[in-house]
$ cat my_file.txt   # compact mmCIF, C-alpha atoms
# COMPACT_ATOMS: atom_id res chain seq x y z
CA MET A 1451 14.51 91.46 -29.10
CA SER A 1452 11.24 92.95 -30.31
CA ALA A 1453 11.55 95.01 -33.46
CA ALA A 1454 8.32 96.77 -32.54
CA ALA A 1455 10.12 98.30 -29.55
CA ALA A 1456 12.69 99.97 -31.81
CA ASN A 1457 13.02 103.68 -32.46
CA HIS A 1458 10.65 104.57 -35.31
CA SER A 1459 12.00 108.08 -35.92
CA ALA A 1460 13.67 107.14 -39.23
CA LEU A 1461 10.80 105.02 -40.51
CA LEU A 1462 8.36 105.89 -43.26
CA PRO A 1463 4.65 106.11 -42.36
CA GLU A 1464 2.78 102.81 -42.43
CA SER A 1465 -0.01 104.60 -44.31
CA LEU A 1466 2.08 104.09 -47.46
CA ARG A 1467 1.04 100.45 -47.37
CA GLU A 1468 -2.50 101.47 -48.27
CA ASP A 1469 -1.22 102.36 -51.76
CA PHE A 1470 -0.30 98.71 -52.44
CA PRO A 1471 -3.35 96.55 -53.12
CA ILE A 1472 -1.49 93.25 -52.85
CA LEU A 1473 -0.38 94.06 -49.30
CA ASN A 1474 -3.96 94.60 -48.15
CA GLY A 1475 -5.32 91.18 -49.07
CA ASP A 1476 -4.72 87.66 -47.82
CA VAL A 1477 -2.25 85.66 -49.90
CA LEU A 1478 -3.04 82.63 -47.77
CA GLU A 1479 -6.34 82.10 -46.01
CA GLY A 1480 -6.34 84.34 -42.95
CA GLN A 1481 -2.68 85.24 -43.42
CA PRO A 1482 -1.57 88.74 -44.45
CA LEU A 1483 1.39 88.98 -46.80
CA VAL A 1484 4.85 89.88 -45.55
CA PHE A 1485 6.77 90.56 -48.74
CA PHE A 1486 10.52 90.24 -48.19
CA ASP A 1487 11.47 89.37 -51.78
CA ASN A 1488 11.98 92.93 -52.97
CA ALA A 1489 15.49 92.34 -54.33
CA ALA A 1490 13.90 90.06 -56.92
CA SER A 1491 10.98 92.35 -57.77
CA THR A 1492 8.92 94.90 -55.86
CA GLN A 1493 5.17 95.37 -55.59
CA ARG A 1494 3.33 98.20 -57.35
CA PRO A 1495 1.31 101.05 -55.84
CA ARG A 1496 -2.11 102.03 -57.17
CA GLN A 1497 -0.53 105.05 -58.83
CA VAL A 1498 1.52 102.82 -61.13
CA ILE A 1499 -1.34 100.39 -61.75
CA ASP A 1500 -3.59 103.34 -62.59
CA ALA A 1501 -0.98 104.73 -64.98
CA ILE A 1502 -0.90 101.43 -66.88
CA ARG A 1503 -4.67 101.36 -67.17
CA ARG A 1504 -4.87 105.04 -68.12
CA VAL A 1505 -2.44 104.66 -71.02
CA TYR A 1506 -4.28 101.67 -72.46
CA GLU A 1507 -7.68 103.33 -72.00
CA HIS A 1508 -6.85 106.86 -73.19
CA ASP A 1509 -3.36 107.35 -74.67
CA TYR A 1510 -2.04 104.22 -76.33
CA ALA A 1511 -0.55 104.13 -79.82
CA ASN A 1512 2.88 103.36 -81.22
CA VAL A 1513 5.44 106.09 -80.63
CA HIS A 1514 7.50 108.18 -83.06
CA ARG A 1515 5.58 106.76 -86.03
CA GLY A 1516 2.27 108.54 -86.48
CA ILE A 1517 1.01 112.07 -86.85
CA HIS A 1518 -2.40 111.29 -85.38
CA THR A 1519 -3.41 112.45 -81.93
CA LEU A 1520 -2.91 109.21 -80.03
CA SER A 1521 0.57 108.64 -81.45
CA GLU A 1522 1.60 112.16 -80.59
CA ARG A 1523 0.17 111.85 -77.08
CA SER A 1524 1.83 108.49 -76.48
CA THR A 1525 5.13 109.76 -77.84
CA GLU A 1526 5.02 112.77 -75.54
CA LEU A 1527 4.39 110.58 -72.48
CA TYR A 1528 7.13 108.16 -73.52
CA GLU A 1529 9.70 110.94 -73.86
CA GLN A 1530 8.55 112.49 -70.60
CA ALA A 1531 9.38 109.16 -68.99
CA ARG A 1532 12.88 109.35 -70.45
CA GLU A 1533 13.28 112.79 -68.92
CA LYS A 1534 12.11 111.47 -65.54
CA VAL A 1535 14.81 108.81 -65.70
CA ARG A 1536 17.41 111.37 -66.70
CA GLY A 1537 16.54 113.44 -63.64
CA LEU A 1538 16.48 110.42 -61.31
CA ILE A 1539 20.09 109.48 -62.09
CA ASN A 1540 21.25 113.02 -62.95
CA ALA A 1541 22.35 112.20 -66.48
CA GLU A 1542 23.54 115.24 -68.40
CA LYS A 1543 21.46 114.62 -71.54
CA ARG A 1544 18.13 112.92 -72.20
CA HIS A 1545 19.40 110.92 -75.17
CA GLU A 1546 21.96 109.23 -72.92
CA VAL A 1547 19.00 107.25 -71.53
CA ILE A 1548 18.15 104.13 -73.55
CA PHE A 1549 15.02 102.09 -72.84
CA THR A 1550 15.57 98.31 -72.87
CA GLN A 1551 13.74 95.24 -71.57
CA GLY A 1552 15.64 95.25 -68.27
CA THR A 1553 19.05 95.28 -66.60
CA THR A 1554 20.04 92.04 -68.32
CA ALA A 1555 19.20 93.44 -71.74
CA SER A 1556 21.09 96.66 -70.97
CA ILE A 1557 24.29 94.83 -70.02
CA ASN A 1558 24.01 92.53 -73.03
CA LEU A 1559 23.63 95.58 -75.27
CA VAL A 1560 26.97 96.95 -74.05
CA ALA A 1561 28.67 93.54 -74.25
CA ARG A 1562 27.50 93.00 -77.82
CA SER A 1563 27.89 96.52 -79.16
CA TRP A 1564 30.79 98.10 -77.27
CA GLY A 1565 32.44 94.76 -76.41
CA ASP A 1566 32.46 93.24 -79.88
CA ALA A 1567 33.66 96.49 -81.44
CA ASN A 1568 36.45 97.23 -78.96
CA LEU A 1569 37.77 94.14 -77.17
CA GLN A 1570 40.88 92.47 -78.59
CA PRO A 1571 42.58 89.15 -77.78
CA GLY A 1572 44.51 89.35 -74.52
CA GLU A 1573 42.76 92.47 -73.29
CA GLU A 1574 41.00 92.19 -69.95
CA ILE A 1575 37.56 92.67 -68.45
CA LEU A 1576 37.66 93.09 -64.67
CA THR A 1577 34.61 91.99 -62.75
CA THR A 1578 34.03 90.55 -59.25
CA VAL A 1579 33.14 87.24 -57.65
CA MET A 1580 29.91 88.70 -56.23
CA GLU A 1581 28.31 89.55 -59.60
CA HIS A 1582 24.82 88.53 -60.62
CA HIS A 1583 24.89 86.17 -63.60
CA SER A 1584 23.58 89.06 -65.73
CA ASN A 1585 26.85 90.90 -65.17
CA LEU A 1586 28.99 87.80 -65.59
CA VAL A 1587 27.61 85.61 -68.40
CA PRO A 1588 27.52 88.41 -71.03
CA TRP A 1589 31.22 89.05 -70.36
CA LEU A 1590 32.04 85.34 -70.51
CA GLN A 1591 30.33 85.30 -73.90
CA ALA A 1592 32.15 88.46 -74.99
CA ALA A 1593 35.46 86.91 -73.98
CA GLU A 1594 34.69 83.82 -76.06
CA ARG A 1595 33.87 85.96 -79.09
CA THR A 1596 36.78 88.39 -78.83
CA GLY A 1597 39.60 86.52 -77.11
CA ALA A 1598 39.52 88.90 -74.15
CA VAL A 1599 40.24 87.59 -70.64
CA LEU A 1600 38.04 87.87 -67.54
CA ARG A 1601 39.56 88.68 -64.16
CA HIS A 1602 37.62 88.63 -60.90
CA VAL A 1603 38.15 90.80 -57.81
CA PRO A 1604 37.99 88.62 -54.65
CA LEU A 1605 36.28 89.42 -51.35
CA THR A 1606 37.43 90.19 -47.86
CA GLU A 1607 36.37 87.85 -45.07
CA ASP A 1608 33.33 89.99 -44.28
CA GLY A 1609 32.02 90.00 -47.86
CA ARG A 1610 33.32 93.32 -49.16
CA LEU A 1611 35.41 93.85 -52.27
CA ASP A 1612 39.12 93.45 -51.64
CA MET A 1613 40.24 96.83 -52.96
CA HIS A 1614 43.91 95.94 -52.49
CA GLN A 1615 43.43 93.08 -54.94
CA PHE A 1616 41.39 95.36 -57.20
CA ASP A 1617 44.44 97.62 -57.42
CA ASN A 1618 46.65 94.63 -58.22
CA LEU A 1619 44.34 93.31 -60.93
CA LEU A 1620 43.71 96.67 -62.62
CA ASN A 1621 46.39 97.22 -65.27
CA GLU A 1622 47.07 98.61 -68.74
CA ARG A 1623 45.32 95.62 -70.35
CA THR A 1624 42.05 96.31 -68.50
CA GLN A 1625 39.49 97.75 -70.92
CA LEU A 1626 36.35 97.54 -68.77
CA VAL A 1627 35.43 97.16 -65.12
CA ALA A 1628 31.95 95.60 -64.76
CA VAL A 1629 30.73 95.79 -61.18
CA ALA A 1630 27.51 95.78 -59.17
CA SER A 1631 26.92 98.84 -57.04
CA VAL A 1632 25.22 96.55 -54.51
CA SER A 1633 25.49 92.77 -54.22
CA ASN A 1634 22.08 91.13 -54.60
CA THR A 1635 23.20 88.31 -52.28
CA LEU A 1636 25.51 89.92 -49.71
CA GLY A 1637 23.91 93.36 -49.63
CA THR A 1638 27.41 94.86 -49.84
CA ILE A 1639 27.52 98.49 -51.00
CA ASN A 1640 30.55 98.79 -53.26
CA PRO A 1641 32.69 101.96 -53.50
CA ILE A 1642 31.68 102.89 -57.05
CA ASP A 1643 33.17 106.39 -56.99
CA GLU A 1644 36.56 104.98 -55.94
CA ILE A 1645 36.37 102.14 -58.46
CA THR A 1646 35.49 104.51 -61.29
CA ALA A 1647 38.27 106.96 -60.46
CA LYS A 1648 40.88 104.19 -60.36
CA ALA A 1649 39.61 102.54 -63.53
CA HIS A 1650 39.65 105.80 -65.47
CA ALA A 1651 43.17 106.54 -64.25
CA ALA A 1652 44.19 103.17 -65.73
CA GLY A 1653 42.43 103.94 -69.02
CA ALA A 1654 39.48 101.58 -68.48
CA LEU A 1655 35.74 102.17 -68.76
CA VAL A 1656 33.24 101.25 -66.02
CA LEU A 1657 29.85 99.57 -66.31
CA VAL A 1658 27.73 99.59 -63.14
CA ASP A 1659 24.97 97.05 -62.54
CA ALA A 1660 22.75 99.35 -60.48
CA ALA A 1661 19.67 97.13 -60.28
CA GLN A 1662 19.99 96.92 -56.48
CA SER A 1663 20.98 100.53 -55.83
CA VAL A 1664 18.91 102.93 -57.97
CA PRO A 1665 15.65 101.94 -56.18
CA HIS A 1666 17.22 102.27 -52.74
CA MET A 1667 19.70 105.14 -52.60
CA PRO A 1668 20.47 108.35 -54.48
CA THR A 1669 22.25 107.86 -57.82
CA ASP A 1670 24.27 110.53 -59.62
CA VAL A 1671 26.03 109.33 -62.75
CA GLN A 1672 27.81 112.64 -63.23
CA LYS A 1673 29.24 112.47 -59.71
CA SER A 1674 30.28 108.83 -59.97
CA ASP A 1675 31.48 109.36 -63.57
CA ALA A 1676 30.25 105.88 -64.54
CA ASP A 1677 30.47 105.24 -68.28
CA PHE A 1678 27.50 102.85 -68.37
CA LEU A 1679 24.81 102.17 -65.78
CA ALA A 1680 22.00 99.59 -65.98
CA PHE A 1681 18.85 99.09 -63.91
CA SER A 1682 15.24 97.83 -64.13
CA GLY A 1683 11.78 99.26 -63.59
CA HIS A 1684 10.33 96.22 -61.84
CA LYS A 1685 12.73 96.54 -58.90
CA MET A 1686 11.58 100.12 -58.19
CA LEU A 1687 7.76 99.84 -58.07
CA GLY A 1688 7.47 99.94 -61.88
CA PRO A 1689 6.25 97.34 -64.36
CA SER A 1690 8.30 94.44 -65.63
CA GLY A 1691 9.56 94.58 -69.19
CA VAL A 1692 11.35 97.93 -69.04
CA GLY A 1693 14.94 98.71 -68.11
CA ILE A 1694 17.46 101.46 -68.58
CA LEU A 1695 20.89 101.70 -70.07
CA TYR A 1696 22.62 104.97 -69.33
CA GLY A 1697 25.73 105.63 -71.38
CA LYS A 1698 27.92 108.65 -71.95
CA GLU A 1699 27.04 110.33 -75.22
CA ASN A 1700 30.46 109.93 -76.84
CA LEU A 1701 30.51 106.20 -76.11
CA LEU A 1702 26.98 105.56 -77.35
CA ASP A 1703 27.66 107.60 -80.49
CA ALA A 1704 30.70 105.46 -81.31
CA MET A 1705 28.98 102.11 -80.65
CA PRO A 1706 27.33 100.24 -83.55
CA PRO A 1707 23.63 99.43 -83.20
CA PHE A 1708 22.98 96.09 -81.53
CA LEU A 1709 19.52 95.25 -82.93
CA GLY A 1710 18.33 96.03 -86.45
CA GLY A 1711 14.84 96.91 -87.64
CA GLY A 1712 12.35 99.72 -87.41
CA SER A 1713 12.99 102.96 -85.51
CA MET A 1714 16.77 102.51 -85.26
CA ILE A 1715 17.44 103.66 -88.85
CA GLY A 1716 18.17 106.94 -90.57
CA GLU A 1717 17.93 105.65 -94.13
CA VAL A 1718 17.60 102.13 -95.54
CA HIS A 1719 18.58 100.95 -99.02
CA LEU A 1720 18.67 97.44 -100.39
CA ASP A 1721 22.43 97.29 -99.92
CA ARG A 1722 23.09 99.52 -96.91
CA PHE A 1723 21.58 101.55 -94.08
CA THR A 1724 22.50 104.41 -91.79
CA PRO A 1725 21.58 104.29 -88.09
CA ALA A 1726 19.35 106.84 -86.40
CA GLU A 1727 20.60 109.36 -83.87
CA LEU A 1728 20.53 108.59 -80.15
CA PRO A 1729 18.52 107.24 -78.42
CA ALA A 1730 16.57 105.64 -81.30
CA LYS A 1731 19.76 103.98 -82.54
CA PHE A 1732 19.47 101.43 -79.71
CA GLU A 1733 15.67 101.16 -79.52
CA ALA A 1734 14.85 98.92 -82.47
CA GLY A 1735 11.25 97.91 -83.03
CA THR A 1736 8.31 98.87 -80.86
CA PRO A 1737 9.76 99.87 -77.48
CA PRO A 1738 8.25 99.12 -74.04
CA ILE A 1739 5.82 102.02 -74.35
CA VAL A 1740 3.38 101.37 -71.51
CA PRO A 1741 6.00 100.00 -69.07
CA ALA A 1742 8.18 103.08 -69.64
CA ILE A 1743 5.29 105.48 -69.08
CA ALA A 1744 4.22 103.59 -65.96
CA MET A 1745 7.82 103.62 -64.70
CA SER A 1746 7.54 107.39 -64.89
CA ALA A 1747 4.71 107.15 -62.35
CA ALA A 1748 6.90 104.94 -60.15
CA ILE A 1749 9.67 107.54 -60.25
CA ASP A 1750 7.18 110.24 -59.26
CA TYR A 1751 6.08 108.08 -56.33
CA LEU A 1752 9.64 107.42 -55.14
CA GLN A 1753 10.74 111.02 -55.47
CA ALA A 1754 7.68 112.28 -53.59
CA ILE A 1755 8.83 110.15 -50.64
CA GLY A 1756 12.53 110.83 -51.21
CA ILE A 1757 15.15 108.25 -52.13
CA GLU A 1758 17.26 109.24 -49.14
CA ALA A 1759 14.28 108.73 -46.81
CA ILE A 1760 13.75 105.27 -48.33
CA HIS A 1761 17.41 104.46 -47.73
CA ARG A 1762 17.19 105.53 -44.07
CA HIS A 1763 14.04 103.44 -43.61
CA GLU A 1764 15.76 100.36 -45.02
CA GLN A 1765 18.80 100.96 -42.82
CA VAL A 1766 16.60 100.84 -39.73
CA LEU A 1767 14.90 97.62 -40.81
CA THR A 1768 18.22 96.04 -41.78
CA GLY A 1769 19.75 96.97 -38.44
CA LEU A 1770 16.83 95.43 -36.55
CA ALA A 1771 16.91 92.23 -38.56
CA PHE A 1772 20.70 91.92 -38.51
CA GLU A 1773 20.89 92.31 -34.72
CA ALA A 1774 18.18 89.72 -34.12
CA LEU A 1775 19.46 87.21 -36.66
CA SER A 1776 23.00 87.51 -35.26
CA GLN A 1777 21.74 86.11 -31.95
CA ILE A 1778 20.22 82.93 -33.40
CA ASP A 1779 22.25 79.77 -32.86
CA GLY A 1780 23.06 77.88 -36.04
CA LEU A 1781 22.31 80.82 -38.32
CA ARG A 1782 25.07 82.36 -40.42
CA ILE A 1783 24.60 85.78 -42.00
CA LEU A 1784 26.32 86.31 -45.36
CA GLY A 1785 28.05 89.60 -45.99
CA PRO A 1786 29.17 92.62 -44.03
CA ALA A 1787 27.90 94.57 -41.04
CA PRO A 1788 24.79 96.78 -41.47
CA GLU A 1789 26.78 99.96 -42.06
CA HIS A 1790 28.30 98.43 -45.20
CA ARG A 1791 25.14 96.94 -46.68
CA THR A 1792 21.79 97.92 -48.12
CA GLY A 1793 18.34 96.56 -47.22
CA LEU A 1794 18.80 92.82 -47.63
CA ILE A 1795 20.15 89.96 -45.56
CA SER A 1796 20.99 86.47 -46.82
CA PHE A 1797 21.61 83.68 -44.34
CA VAL A 1798 22.05 79.93 -44.02
CA PHE A 1799 21.10 77.41 -41.33
CA GLU A 1800 22.84 74.37 -40.04
CA ARG A 1801 20.89 71.23 -41.04
CA ILE A 1802 18.04 73.15 -42.74
CA HIS A 1803 18.03 73.69 -46.51
CA ALA A 1804 17.06 77.16 -47.70
CA HIS A 1805 14.16 75.81 -49.77
CA GLU A 1806 12.63 73.98 -46.81
CA PHE A 1807 12.97 77.04 -44.65
CA ALA A 1808 11.41 79.37 -47.22
CA GLN A 1809 8.48 77.04 -47.84
CA VAL A 1810 7.56 76.84 -44.16
CA LEU A 1811 7.89 80.60 -43.78
CA ASN A 1812 5.51 81.17 -46.67
CA ASP A 1813 2.98 78.42 -45.95
CA ARG A 1814 2.65 78.96 -42.20
CA PHE A 1815 3.53 82.63 -41.69
CA GLY A 1816 2.81 84.30 -45.03
CA VAL A 1817 6.40 85.56 -45.22
CA ALA A 1818 7.74 85.62 -48.79
CA VAL A 1819 11.54 85.30 -48.92
CA ARG A 1820 13.89 84.13 -51.65
CA ALA A 1821 15.65 80.77 -51.45
CA GLY A 1822 18.34 79.54 -53.82
CA HIS A 1823 21.59 80.85 -55.25
CA HIS A 1824 20.05 84.21 -56.27
CA CYS A 1825 21.75 84.05 -59.68
CA THR A 1826 25.15 84.14 -57.97
CA GLN A 1827 26.29 80.53 -58.23
CA PRO A 1828 30.04 81.32 -58.25
CA LEU A 1829 29.65 83.35 -55.06
CA HIS A 1830 27.74 80.57 -53.32
CA THR A 1831 30.38 78.05 -54.40
CA LEU A 1832 33.07 80.33 -52.99
CA LEU A 1833 31.16 80.51 -49.69
CA GLY A 1834 30.88 76.71 -49.58
CA ILE A 1835 27.08 76.59 -49.82
CA SER A 1836 24.58 75.63 -52.53
CA ALA A 1837 21.79 77.98 -51.49
CA SER A 1838 20.82 80.65 -49.00
CA THR A 1839 17.68 82.39 -47.76
CA ARG A 1840 17.33 86.10 -48.54
CA ALA A 1841 15.07 88.64 -46.87
CA SER A 1842 15.05 91.97 -48.70
CA PHE A 1843 13.24 95.08 -47.55
CA TYR A 1844 11.61 98.11 -49.17
CA LEU A 1845 9.68 101.24 -48.31
CA TYR A 1846 6.44 99.42 -47.37
CA ASN A 1847 8.00 96.96 -44.92
CA THR A 1848 7.68 97.46 -41.15
CA PRO A 1849 9.34 96.45 -37.87
CA ALA A 1850 6.29 94.31 -37.07
CA GLU A 1851 7.05 92.28 -40.20
CA ILE A 1852 10.59 91.74 -38.94
CA ASP A 1853 9.00 90.25 -35.85
CA ARG A 1854 6.94 87.92 -38.05
CA LEU A 1855 10.12 86.77 -39.77
CA LEU A 1856 11.73 86.04 -36.42
CA GLU A 1857 8.68 84.10 -35.23
CA GLY A 1858 8.83 82.05 -38.39
CA ILE A 1859 12.52 81.32 -37.95
CA ALA A 1860 11.92 80.11 -34.39
CA ALA A 1861 9.13 77.84 -35.61
CA VAL A 1862 11.28 76.38 -38.39
CA GLN A 1863 14.12 75.72 -35.98
CA ALA A 1864 11.75 73.92 -33.63
CA MET A 1865 10.40 71.80 -36.49
CA PHE A 1866 13.84 70.70 -37.64
CA ALA A 1867 15.53 70.41 -34.24
CA PRO A 1868 16.75 66.92 -33.21
CA LYS A 1869 14.08 65.00 -31.30
CA GLY A 1870 16.05 64.94 -28.08
CA ARG A 1871 16.49 68.69 -28.15
CA ARG A 1872 12.76 69.22 -28.77
CA ARG A 1873 11.91 67.02 -25.75
CA ARG A 1874 14.25 68.94 -23.48
CA LYS A 1875 12.77 72.27 -24.53
CA SER A 1876 9.17 71.04 -24.12
CA GLY A 1877 9.95 69.76 -20.62
CA LYS A 1878 11.08 73.11 -19.31
$ encode --input "my_file.txt" --output "structure tokens"
Amino acid sequence: MSAAAANHSALLPESLREDFPILNGDVLEGQPLVFFDNAASTQRPRQVIDAIRRVYEHDYANVHRGIHTLSERSTELYEQAREKVRGLINAEKRHEVIFTQGTTASINLVARSWGDANLQPGEEILTTVMEHHSNLVPWLQAAERTGAVLRHVPLTEDGRLDMHQFDNLLNERTQLVAVASVSNTLGTINPIDEITAKAHAAGALVLVDAAQSVPHMPTDVQKSDADFLAFSGHKMLGPSGVGILYGKENLLDAMPPFLGGGSMIGEVHLDRFTPAELPAKFEAGTPPIVPAIAMSAAIDYLQAIGIEAIHRHEQVLTGLAFEALSQIDGLRILGPAPEHRTGLISFVFERIHAHEFAQVLNDRFGVAVRAGHHCTQPLHTLLGISASTRASFYLYNTPAEIDRLLEGIAAVQAMFAPKGRRRRKSGK
């Protein structure tokens, strides 16, 4: 099958690629870059790069601390970025948006602040076997500190959450459900609205790891009624070093501050202090000023295209890749059918390790994919594998690049095929 022969009606214009400098140069000599590692981190358009440079050249100073012009200007841009995030996820109030270092930091904030203050011995945290380590290890640590117990929702055979078992595991002891909206390994889109409704009916809160969904599909925290939601700027065209924790106002108000220092205080005495109001209460020290402002430019870029249009584009690419990969002997796709997944596909080969495959793809074809356990070691153990190869797509990827991936896979298979098989094929 040739991806180039597919229907392009749902695809974004290839002219968008001109906005991304790294896509218009040669990563290897004479080899243009095919970047299929977007689930790990995306590339940045000129608009975001320019925003970073503009702040440092014209607007930079520390925020919320000075009355001089640069501080006021930087503070205004920083708070405008918070408002952009609020609008992106449809939070009710701006101060429900907390800037952090990333998704990992956001989840750890909740585990340390809400978890340590509320979890009791014997109470339960319900998570899933598909979670990224960032939504598993903080809860393992919280359980060790508090005596709480972790439970894990299993999967169906096709890599979706077993909602029957979710119902069985959810009970009066459950205090929190911590779940990814999209699996970073399987691509599975989880039913967050259903999960949240059931958890709330049982008296539990819900934290959503949305690192793999906010950049790719519309997010509405008021509609989903999630209590906490975490995501990162670097996975949505923005800089590294900035992330978001959304939390409902009443929950954030009741939580003790996690980090202590400047900015997060109301008053400080030698023997006591009072915390600041939201959001400063959880933004101790100098925050990620320039990354937050540049993430604002990334949000502008994404919204100008339309998150729904990006999602449709990825669905087309995923469908093309899934159909072609399904026809390759010895290749096993992890996770569900295209209609139940977002824009990534992980797979394994018979007799070929993921690292060997990824290296050949990069060195000979300029195709950048991820190889390893993708920070989901328990999931890989459950699937009986140590590593997999992951191709993940974004708004600047094209059907022609899917073809390049397929050419690379054919070449790798030929390289690693048994000698007798190679002779038979060459003799035809």
$ atom_distance --input "my_file.txt" --atom1 "CA of Glu1546 in chain A" --atom2 "CA of Ala1704 in chain A"
12.7 Å
$ closest_residue --input "my_file.txt" --among "A:Thr1646, A:Ser1682, A:Thr1638, A:Thr1848" --to "Thr1492 in chain A" --atoms "only C-alpha atoms"
A:Ser1682
$ closest_residue --input "my_file.txt" --among "A:Val1740, A:Val1671, A:Pro1665, A:Phe1799" --to "Asp1500 in chain A" --atoms "only C-alpha atoms"
A:Val1740
$ residues_around --input "my_file.txt" --residues "range 1495-1497 of chain A" --least-positions-apart "4" --cutoff "8 Å" --atoms "all atoms listed in the file" --output "list in words"
Asp1469, Phe1470, Pro1471, Ala1501, Leu1687, Ala1747, Ala1748 and Tyr1751 of chain A
$ residues_near_point --input "my_file.txt" --point "(-1.7, 98.0, -65.7)" --cutoff "12 Å" --atoms "only C-alpha atoms" --output "ChimeraX atom specification"
/A:1494-1507,1688-1690,1740-1745,1747
$ closest_residue --input "my_file.txt" --among "A:Lys1685, A:Arg1562, A:His1803, A:Lys1648" --to "Asp1487 in chain A" --atoms "all atoms listed in the file"
A:Lys1685
$ atom_distance --input "my_file.txt" --atom1 "CA of Asn1488 in chain A" --atom2 "CA of Lys1673 in chain A"
26.9 Å
$ residues_around --input "my_file.txt" --residues "Glu1581 in chain A" --least-positions-apart "3" --cutoff "7 Å" --atoms "only C-alpha atoms" --output "number ranges by chain"
A: 1578, 1585-1586, 1629-1630, 1633, 1826
$ residues_around --input "my_file.txt" --residues "Arg1467 in chain A" --least-positions-apart "4" --cutoff "8 Å" --atoms "only C-alpha atoms" --output "MDAnalysis selection string"
chainID A and resid 1473:1474 1846
$ write_last_selection --input "my_file.txt" --atoms "C-alpha atoms" --output "short mmCIF file (atom, residue, chain, number, x, y, z; two decimals), in the frame of the given file"
data_model
loop_
_atom_site.label_atom_id
_atom_site.label_comp_id
_atom_site.auth_asym_id
_atom_site.auth_seq_id
_atom_site.Cartn_x
_atom_site.Cartn_y
_atom_site.Cartn_z
CA LEU A 1473 -0.38 94.06 -49.30
CA ASN A 1474 -3.96 94.60 -48.15
CA TYR A 1846 6.44 99.42 -47.37
#
$ residues_around --input "my_file.txt" --residues "range 1830-1837 of chain A" --least-positions-apart "6" --cutoff "8 Å" --atoms "only C-alpha atoms" --output "number ranges by chain"
A: 1798, 1803-1804, 1821-1823
$ atom_distance --input "my_file.txt" --atom1 "CA of Arg1601 in chain A" --atom2 "CA of Glu1574 in chain A"
6.9 Å
$ residues_near_point --input "my_file.txt" --point "(33.5, 83.0, -56.3)" --cutoff "6 Å" --atoms "all atoms listed in the file" --output "tab-separated table (two decimals) with C-alpha atoms, in the coordinates of the input"
chain	number	residue	atom	x	y	z
A	1579	VAL	CA	33.14	87.24	-57.65
A	1828	PRO	CA	30.04	81.32	-58.25
A	1829	LEU	CA	29.65	83.35	-55.06
A	1832	LEU	CA	33.07	80.33	-52.99
$ closest_residue --input "my_file.txt" --among "A:Leu1781, A:Ala1864, A:Leu1728, A:Leu1569" --to "Phe1549 in chain A" --atoms "only C-alpha atoms"
A:Leu1728
$ residues_around --input "my_file.txt" --residues "Glu1806 in chain A" --least-positions-apart "2" --cutoff "10 Å" --atoms "all atoms listed in the file" --output "ChimeraX atom specification"
/A:1802-1804,1808-1811,1821,1839,1862,1866
$ decode --input "my_file.txt" --residues "range 1604-1629 of chain A" --atoms "C-alpha atoms" --output "PDB file, in the first residue's frame"
ATOM      1  CA  PRO A1604      -6.038  -4.455  33.998  1.00  0.00           C
ATOM      2  CA  LEU A1605      -6.401  -4.385  30.218  1.00  0.00           C
ATOM      3  CA  THR A1606      -8.563  -6.155  27.710  1.00  0.00           C
ATOM      4  CA  GLU A1607      -6.871  -8.315  25.092  1.00  0.00           C
ATOM      5  CA  ASP A1608      -6.775  -5.430  22.613  1.00  0.00           C
ATOM      6  CA  GLY A1609      -5.067  -3.026  25.021  1.00  0.00           C
ATOM      7  CA  ARG A1610      -8.012  -1.031  26.355  1.00  0.00           C
ATOM      8  CA  LEU A1611      -8.913  -0.537  29.998  1.00  0.00           C
ATOM      9  CA  ASP A1612     -11.081  -3.320  31.375  1.00  0.00           C
ATOM     10  CA  MET A1613     -13.947  -1.173  32.624  1.00  0.00           C
ATOM     11  CA  HIS A1614     -15.692  -4.178  34.177  1.00  0.00           C
ATOM     12  CA  GLN A1615     -12.655  -4.666  36.399  1.00  0.00           C
ATOM     13  CA  PHE A1616     -12.513  -0.916  37.017  1.00  0.00           C
ATOM     14  CA  ASP A1617     -16.027  -1.167  38.445  1.00  0.00           C
ATOM     15  CA  ASN A1618     -14.978  -4.099  40.621  1.00  0.00           C
ATOM     16  CA  LEU A1619     -11.873  -2.353  41.951  1.00  0.00           C
ATOM     17  CA  LEU A1620     -13.553   0.995  42.648  1.00  0.00           C
ATOM     18  CA  ASN A1621     -14.962   0.946  46.188  1.00  0.00           C
ATOM     19  CA  GLU A1622     -15.543   3.022  49.319  1.00  0.00           C
ATOM     20  CA  ARG A1623     -11.825   2.839  50.204  1.00  0.00           C
ATOM     21  CA  THR A1624     -10.776   4.426  46.898  1.00  0.00           C
ATOM     22  CA  GLN A1625      -9.639   8.002  47.493  1.00  0.00           C
ATOM     23  CA  LEU A1626      -8.078   8.788  44.112  1.00  0.00           C
ATOM     24  CA  VAL A1627      -8.147   7.443  40.573  1.00  0.00           C
ATOM     25  CA  ALA A1628      -4.914   8.355  38.722  1.00  0.00           C
ATOM     26  CA  VAL A1629      -5.199   7.595  35.024  1.00  0.00           C
TER      27      VAL A1629
END
